[in-house]
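Taking it in order: structure first as structure tokens, then the write-up.
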Amino acid sequence: MNLHQEALVIDGHTDVPTRLWEEPADLSQRLADRHVDLPRLREGGVDALVFALYVPAPLEPEPGWEHAQELYRISTDALIPGQLVQVASAEDLQRSSWRGEVAVLFGLENGRPLTVPGALDQCVRMGIRYVTLTHWASHEWCDASTDDPRHGGLSGEGEGIVWKMSRAGILPDVSHVSDDAVRHVLDVAPGPVIASHSSARALCDHPRNLPDDLVRDIARKGGIVMANSYPAFVSPEASQADAARGRELKPELQETEEEYLRNPRKVWRERARLFADHPLPRVPLSVFVDHLIHLVDLGGEEHLGIGTDFDGIPDVLEGLEDPSKLPDLTAALLDRGVDKAGVKLILGGNFLRVLREGERAAE
């Protein structure tokens with residue numbers, strides 16, 4: 001616990017904005033219907049986390065950009081002065097930690113709206129620090145890992161967007177994108193590249209995870225892979241169960257897709273009941289730690305982080321149910337032979353470094 005308190009602890013990907021949009025809440029209170037709130041962030045020693053502004057894949061660029069801005073407004077309204085505060089630079093994050101605040105950075109999850117004129121400049125003004133280039137579907141300029149390819153990676157327009165993004169100090173995030181798109185981004189981006197919430201495909205063969213060669217390539221470019229804690233991405237048994245559940249629930253989920261955008265609170269509750277009635281097999285924290293150790297072996301302790309996907313996943317690991325359990329992750333890493341300096345890097349030091357390097361690339 002002493003080591004955990006000394007470390008800068010950063011969760012590189014949460015879906016708090018979408019949960020606030022689905023059902024408003026006071027983040028200063030302990031909330032039974034979600035993973036992230038200020039009391040549990042405090043208990044877990046979390047210094048900073050990323051709020052992902054998730055744009056549903058079916059939305060065209062202009063309505064998608066309007067949705068992202070709505071999530072941003074909702075999220076900034078939910079911040080707590082002096083306790084849960086927005087930051088937009090590595091230096092501000094560090095200072096916020098010294099003041100005892102929990103810092104919030106913003107990411108855009110699904111870059112499809114970046115074709116809207118002025119959207120990228122507005123991202124800079126909003127303090128968005130990374131863009132996940134797509135989500136589950138391929139779109140006009142980037143291929144997704146869970147959809148048929150349209151461009152063989154990035155389109156020509158996509159190349160320009162990634163280059164401009166890096167030059168604006170916004171990190172390209174290759175979670176959710178196809179393997180070819182990851183390679184394409186690594187070729188195009190002038191600065192570091194991140195995967196904000198992806199685990200190791202060698203241990204769990206899911207297209208959302210990264211193969212070993214791409215983990216090494218991201219590390220060689222100075223970036224980081226932030227491991228995802230969703231059981232279906234770390235356990236082969238849970239992954240198979242998740243696929244079967246998806247096939248079973250697909251008709252009901254598709255039927256409510258349009259209504260979800262009109263009435264998110266009602267549809268979220270219905271979907272939550274569906275997932276609760278079809279739970280995944282239990283997966284312990286140790287399986288997630290297996291992924292972290294594998295990623296360390298591939299890219300080194302200097303190129304790994306944590307992106308839990310809290311508030312965006314229907315099932316959680318046993319032993320990592322919410323941010324308050326993060327000290328147990330620190331203990332597990334120490335037990336598996338990671339030294340104290342390496343644990344500090346994994347918990348947040350690496351993400352802080354990459355933020356700084358992204359800022360330097362922009363300069």
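All residue names refer to the structure tokens as shown: chains lettered A, B, ... in order, residues numbered from 1 in each chain, ligands numbered from 1 in order.
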
**OP:** Could you tell me, as a VMD selection string, which residues of region 57-295 of chain A DSSP assigns to strand (DSSP E) when given the backbone?
**Re:** chain A and resid 84 to 86 102 to 109 128 to 132 171 to 173 194 to 195 224 to 227

Test item: residues at most 8 Å from Tyr130 (chain A), only C-alpha atoms, excluding those fewer than 2 positions along its chain, as a short mmCIF file (atom, residue, chain, number, x, y, z; two decimals) with N, CA and C atoms, in the first residue's frame:
```cif
data_model
loop_
_atom_site.label_atom_id
_atom_site.label_comp_id
_atom_site.auth_asym_id
_atom_site.auth_seq_id
_atom_site.Cartn_x
_atom_site.Cartn_y
_atom_site.Cartn_z
N PHE A 106 -9.51 13.99 -21.07
CA PHE A 106 -10.54 13.54 -21.98
C PHE A 106 -9.92 12.88 -23.21
N GLY A 107 -10.59 11.82 -23.68
CA GLY A 107 -10.26 11.20 -24.94
C GLY A 107 -11.53 11.13 -25.78
N LEU A 108 -11.37 11.06 -27.09
CA LEU A 108 -12.50 10.86 -28.00
C LEU A 108 -12.44 9.42 -28.48
N ILE A 128 -8.87 17.45 -25.31
CA ILE A 128 -8.84 16.02 -25.63
C ILE A 128 -7.40 15.61 -25.91
N THR A 132 -9.30 7.56 -30.04
CA THR A 132 -9.43 6.18 -30.49
C THR A 132 -10.01 6.24 -31.90
N ILE A 170 -2.35 15.54 -29.92
CA ILE A 170 -3.36 14.53 -29.59
C ILE A 170 -2.81 13.17 -29.99
N LEU A 171 -2.75 12.24 -29.04
CA LEU A 171 -2.17 10.93 -29.29
C LEU A 171 -3.12 10.06 -30.11
N PRO A 172 -2.63 9.42 -31.18
CA PRO A 172 -3.45 8.43 -31.88
C PRO A 172 -3.57 7.17 -31.02
N ASP A 173 -4.81 6.70 -30.85
CA ASP A 173 -5.08 5.51 -30.04
C ASP A 173 -5.56 4.39 -30.97
#
```

Subject >> Shell of 8 Å around region 302-314 of chain A, only C-alpha atoms, local chain residues under 5 positions omitted, as a PyMOL selection string >> reply: chain A and resi 10-16+18-19+34-36+196-198+219+222-230+272+275-276+292+295-296+322+342+345-348+350-351

Selection file, C-alpha atoms, as a PDB file, in the first residue's frame:
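The resulting file, out_18.pdb, is shown below:
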```pdb
ATOM      1  CA  ILE A  10      -3.676   6.593 -13.861  1.00  0.00           C
ATOM      2  CA  ASP A  11      -6.542   4.678 -15.457  1.00  0.00           C
ATOM      3  CA  GLY A  12      -6.125   5.337 -19.171  1.00  0.00           C
ATOM      4  CA  HIS A  13      -9.677   4.540 -20.285  1.00  0.00           C
ATOM      5  CA  THR A  14     -13.086   4.751 -18.599  1.00  0.00           C
ATOM      6  CA  ASP A  15     -16.579   5.291 -20.005  1.00  0.00           C
ATOM      7  CA  VAL A  16     -17.814   7.610 -17.264  1.00  0.00           C
ATOM      8  CA  THR A  18     -21.503   7.600 -21.385  1.00  0.00           C
ATOM      9  CA  ARG A  19     -22.764   6.387 -18.003  1.00  0.00           C
ATOM     10  CA  ARG A  34     -21.588   1.925 -11.890  1.00  0.00           C
ATOM     11  CA  HIS A  35     -17.880   1.355 -11.318  1.00  0.00           C
ATOM     12  CA  VAL A  36     -16.392   4.841 -10.981  1.00  0.00           C
ATOM     13  CA  SER A 196      -5.632   2.851 -24.495  1.00  0.00           C
ATOM     14  CA  HIS A 197      -7.500  -0.367 -23.639  1.00  0.00           C
ATOM     15  CA  SER A 198      -6.176  -3.498 -25.369  1.00  0.00           C
ATOM     16  CA  ALA A 219       6.995   0.069 -27.844  1.00  0.00           C
ATOM     17  CA  GLY A 222       7.911   5.050 -27.735  1.00  0.00           C
ATOM     18  CA  GLY A 223       4.230   4.372 -27.141  1.00  0.00           C
ATOM     19  CA  ILE A 224       2.365   2.266 -24.601  1.00  0.00           C
ATOM     20  CA  VAL A 225      -0.186  -0.534 -24.498  1.00  0.00           C
ATOM     21  CA  MET A 226      -2.725  -0.075 -21.700  1.00  0.00           C
ATOM     22  CA  ALA A 227      -4.228  -3.442 -20.785  1.00  0.00           C
ATOM     23  CA  ASN A 228      -8.024  -3.837 -20.769  1.00  0.00           C
ATOM     24  CA  SER A 229      -9.625  -5.567 -17.772  1.00  0.00           C
ATOM     25  CA  TYR A 230     -12.804  -6.814 -19.508  1.00  0.00           C
ATOM     26  CA  ALA A 272     -28.098  -4.103 -18.067  1.00  0.00           C
ATOM     27  CA  PHE A 275     -26.345  -8.860 -19.473  1.00  0.00           C
ATOM     28  CA  ALA A 276     -26.959  -9.589 -15.793  1.00  0.00           C
ATOM     29  CA  LEU A 292       0.498  -7.562 -17.969  1.00  0.00           C
ATOM     30  CA  LEU A 295       3.192  -7.383 -22.311  1.00  0.00           C
ATOM     31  CA  VAL A 296       6.180  -6.525 -20.104  1.00  0.00           C
ATOM     32  CA  ASP A 322     -13.817  -1.136  -9.437  1.00  0.00           C
ATOM     33  CA  GLY A 342       8.509  -1.039 -12.868  1.00  0.00           C
ATOM     34  CA  LEU A 345       5.840   2.975 -14.442  1.00  0.00           C
ATOM     35  CA  ILE A 346       2.960   0.609 -15.220  1.00  0.00           C
ATOM     36  CA  LEU A 347       0.530   2.276 -12.833  1.00  0.00           C
ATOM     37  CA  GLY A 348       0.924   5.714 -14.387  1.00  0.00           C
ATOM     38  CA  ASN A 350       4.493   5.576 -18.554  1.00  0.00           C
ATOM     39  CA  PHE A 351       1.276   7.346 -19.489  1.00  0.00           C
TER      40      PHE A 351
END
```

Subject >> Computed interatomic separation between CA of Lys344 (chain A) and CA of Ala7 (chain A) (Å) >> reply: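 Those two atoms sit 5.2 Å apart.
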
Original post:
From the set A:Ser239, A:Arg42, A:Ala88, A:Leu79, which residue has the shortest atom-to-atom contact distance to Leu352 (chain A), counting only C-alpha atoms?
Top reply: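 With only C-alpha atoms as the atom set, the closest residue is A:Ala88.
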
**OP:** Would you mind telling me which residue in A:Val87, A:Ile293, A:Leu120, A:Val185 lies nearest to Ala168 (chain A) when using only C-alpha atoms?
**Re:**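 Among the listed residues, A:Leu120 lies closest to Ala168 (chain A).
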
**OP:** Extract, using only C-alpha atoms, all DNA, RNA and protein residues at most 12 Å from Asp242 (chain A), discarding same-chain residues fewer than 6 positions from it, and format them as a PyMOL selection string.
**Re:** chain A and resi 206+230-236+248-250+275+278-282+313-315

Subject >> Near-Asp180 (chain A) list (9 Å; only C-alpha atoms; drop same-chain fewer than 4 positions) as a ChimeraX atom specification >> reply: /A:143,152-154,184-185

Would you save the residues from that selection as a PDB file, in the first residue's frame, using all heavy atoms?
```
ATOM      1  N   ASP A 143     -10.167   1.385 -40.661  1.00  0.00           N
ATOM      2  CA  ASP A 143     -10.725   0.045 -40.503  1.00  0.00           C
ATOM      3  C   ASP A 143     -10.727  -0.372 -39.034  1.00  0.00           C
ATOM      4  O   ASP A 143      -9.782  -0.076 -38.285  1.00  0.00           O
ATOM      5  CB  ASP A 143      -9.914  -0.979 -41.299  1.00  0.00           C
ATOM      6  CG  ASP A 143     -10.086  -0.818 -42.799  1.00  0.00           C
ATOM      7  OD1 ASP A 143     -11.094  -0.225 -43.224  1.00  0.00           O
ATOM      8  OD2 ASP A 143      -9.198  -1.282 -43.543  1.00  0.00           O
ATOM      9  N   GLY A 152      -7.768  -1.190 -46.145  1.00  0.00           N
ATOM     10  CA  GLY A 152      -6.469  -1.804 -45.905  1.00  0.00           C
ATOM     11  C   GLY A 152      -5.711  -1.098 -44.805  1.00  0.00           C
ATOM     12  O   GLY A 152      -4.476  -1.076 -44.789  1.00  0.00           O
ATOM     13  N   GLY A 153      -6.420  -0.522 -43.862  1.00  0.00           N
ATOM     14  CA  GLY A 153      -5.829   0.250 -42.755  1.00  0.00           C
ATOM     15  C   GLY A 153      -6.465   1.612 -42.685  1.00  0.00           C
ATOM     16  O   GLY A 153      -7.600   1.775 -42.256  1.00  0.00           O
ATOM     17  N   LEU A 154      -5.728   2.641 -43.129  1.00  0.00           N
ATOM     18  CA  LEU A 154      -6.227   4.011 -43.204  1.00  0.00           C
ATOM     19  C   LEU A 154      -6.451   4.397 -44.655  1.00  0.00           C
ATOM     20  O   LEU A 154      -5.716   3.969 -45.543  1.00  0.00           O
ATOM     21  CB  LEU A 154      -5.224   4.991 -42.595  1.00  0.00           C
ATOM     22  CG  LEU A 154      -4.863   4.866 -41.123  1.00  0.00           C
ATOM     23  CD1 LEU A 154      -3.734   5.844 -40.795  1.00  0.00           C
ATOM     24  CD2 LEU A 154      -6.060   5.110 -40.224  1.00  0.00           C
ATOM     25  N   HIS A 184      -0.332   1.061 -40.177  1.00  0.00           N
ATOM     26  CA  HIS A 184      -0.431   2.286 -40.964  1.00  0.00           C
ATOM     27  C   HIS A 184      -0.234   3.511 -40.065  1.00  0.00           C
ATOM     28  O   HIS A 184       0.487   4.456 -40.417  1.00  0.00           O
ATOM     29  CB  HIS A 184      -1.804   2.329 -41.630  1.00  0.00           C
ATOM     30  CG  HIS A 184      -1.831   2.996 -42.954  1.00  0.00           C
ATOM     31  ND1 HIS A 184      -2.766   2.725 -43.922  1.00  0.00           N
ATOM     32  CD2 HIS A 184      -1.040   3.952 -43.486  1.00  0.00           C
ATOM     33  CE1 HIS A 184      -2.553   3.481 -44.975  1.00  0.00           C
ATOM     34  NE2 HIS A 184      -1.510   4.240 -44.731  1.00  0.00           N
ATOM     35  N   VAL A 185      -0.870   3.494 -38.902  1.00  0.00           N
ATOM     36  CA  VAL A 185      -0.743   4.611 -37.967  1.00  0.00           C
ATOM     37  C   VAL A 185       0.701   4.758 -37.505  1.00  0.00           C
ATOM     38  O   VAL A 185       1.234   5.873 -37.419  1.00  0.00           O
ATOM     39  CB  VAL A 185      -1.677   4.411 -36.753  1.00  0.00           C
ATOM     40  CG1 VAL A 185      -1.402   5.458 -35.668  1.00  0.00           C
ATOM     41  CG2 VAL A 185      -3.141   4.491 -37.181  1.00  0.00           C
TER      42      VAL A 185
END
```

Subject >> Who sits within 10 Å of Trp98 (chain A), only C-alpha atoms, same chain under 5 positions skipped, as JSON, numbers by chain >> reply: {"A": [8, 47, 92, 93]}

Original post:
Which polymer residues have any atom within 9 Å of an atom of Leu186 (chain A), counting only C-alpha atoms, with same-chain residues fewer than 6 positions away left out, as a PyMOL selection string?
Top reply: chain A and resi 192-193+217-218+221
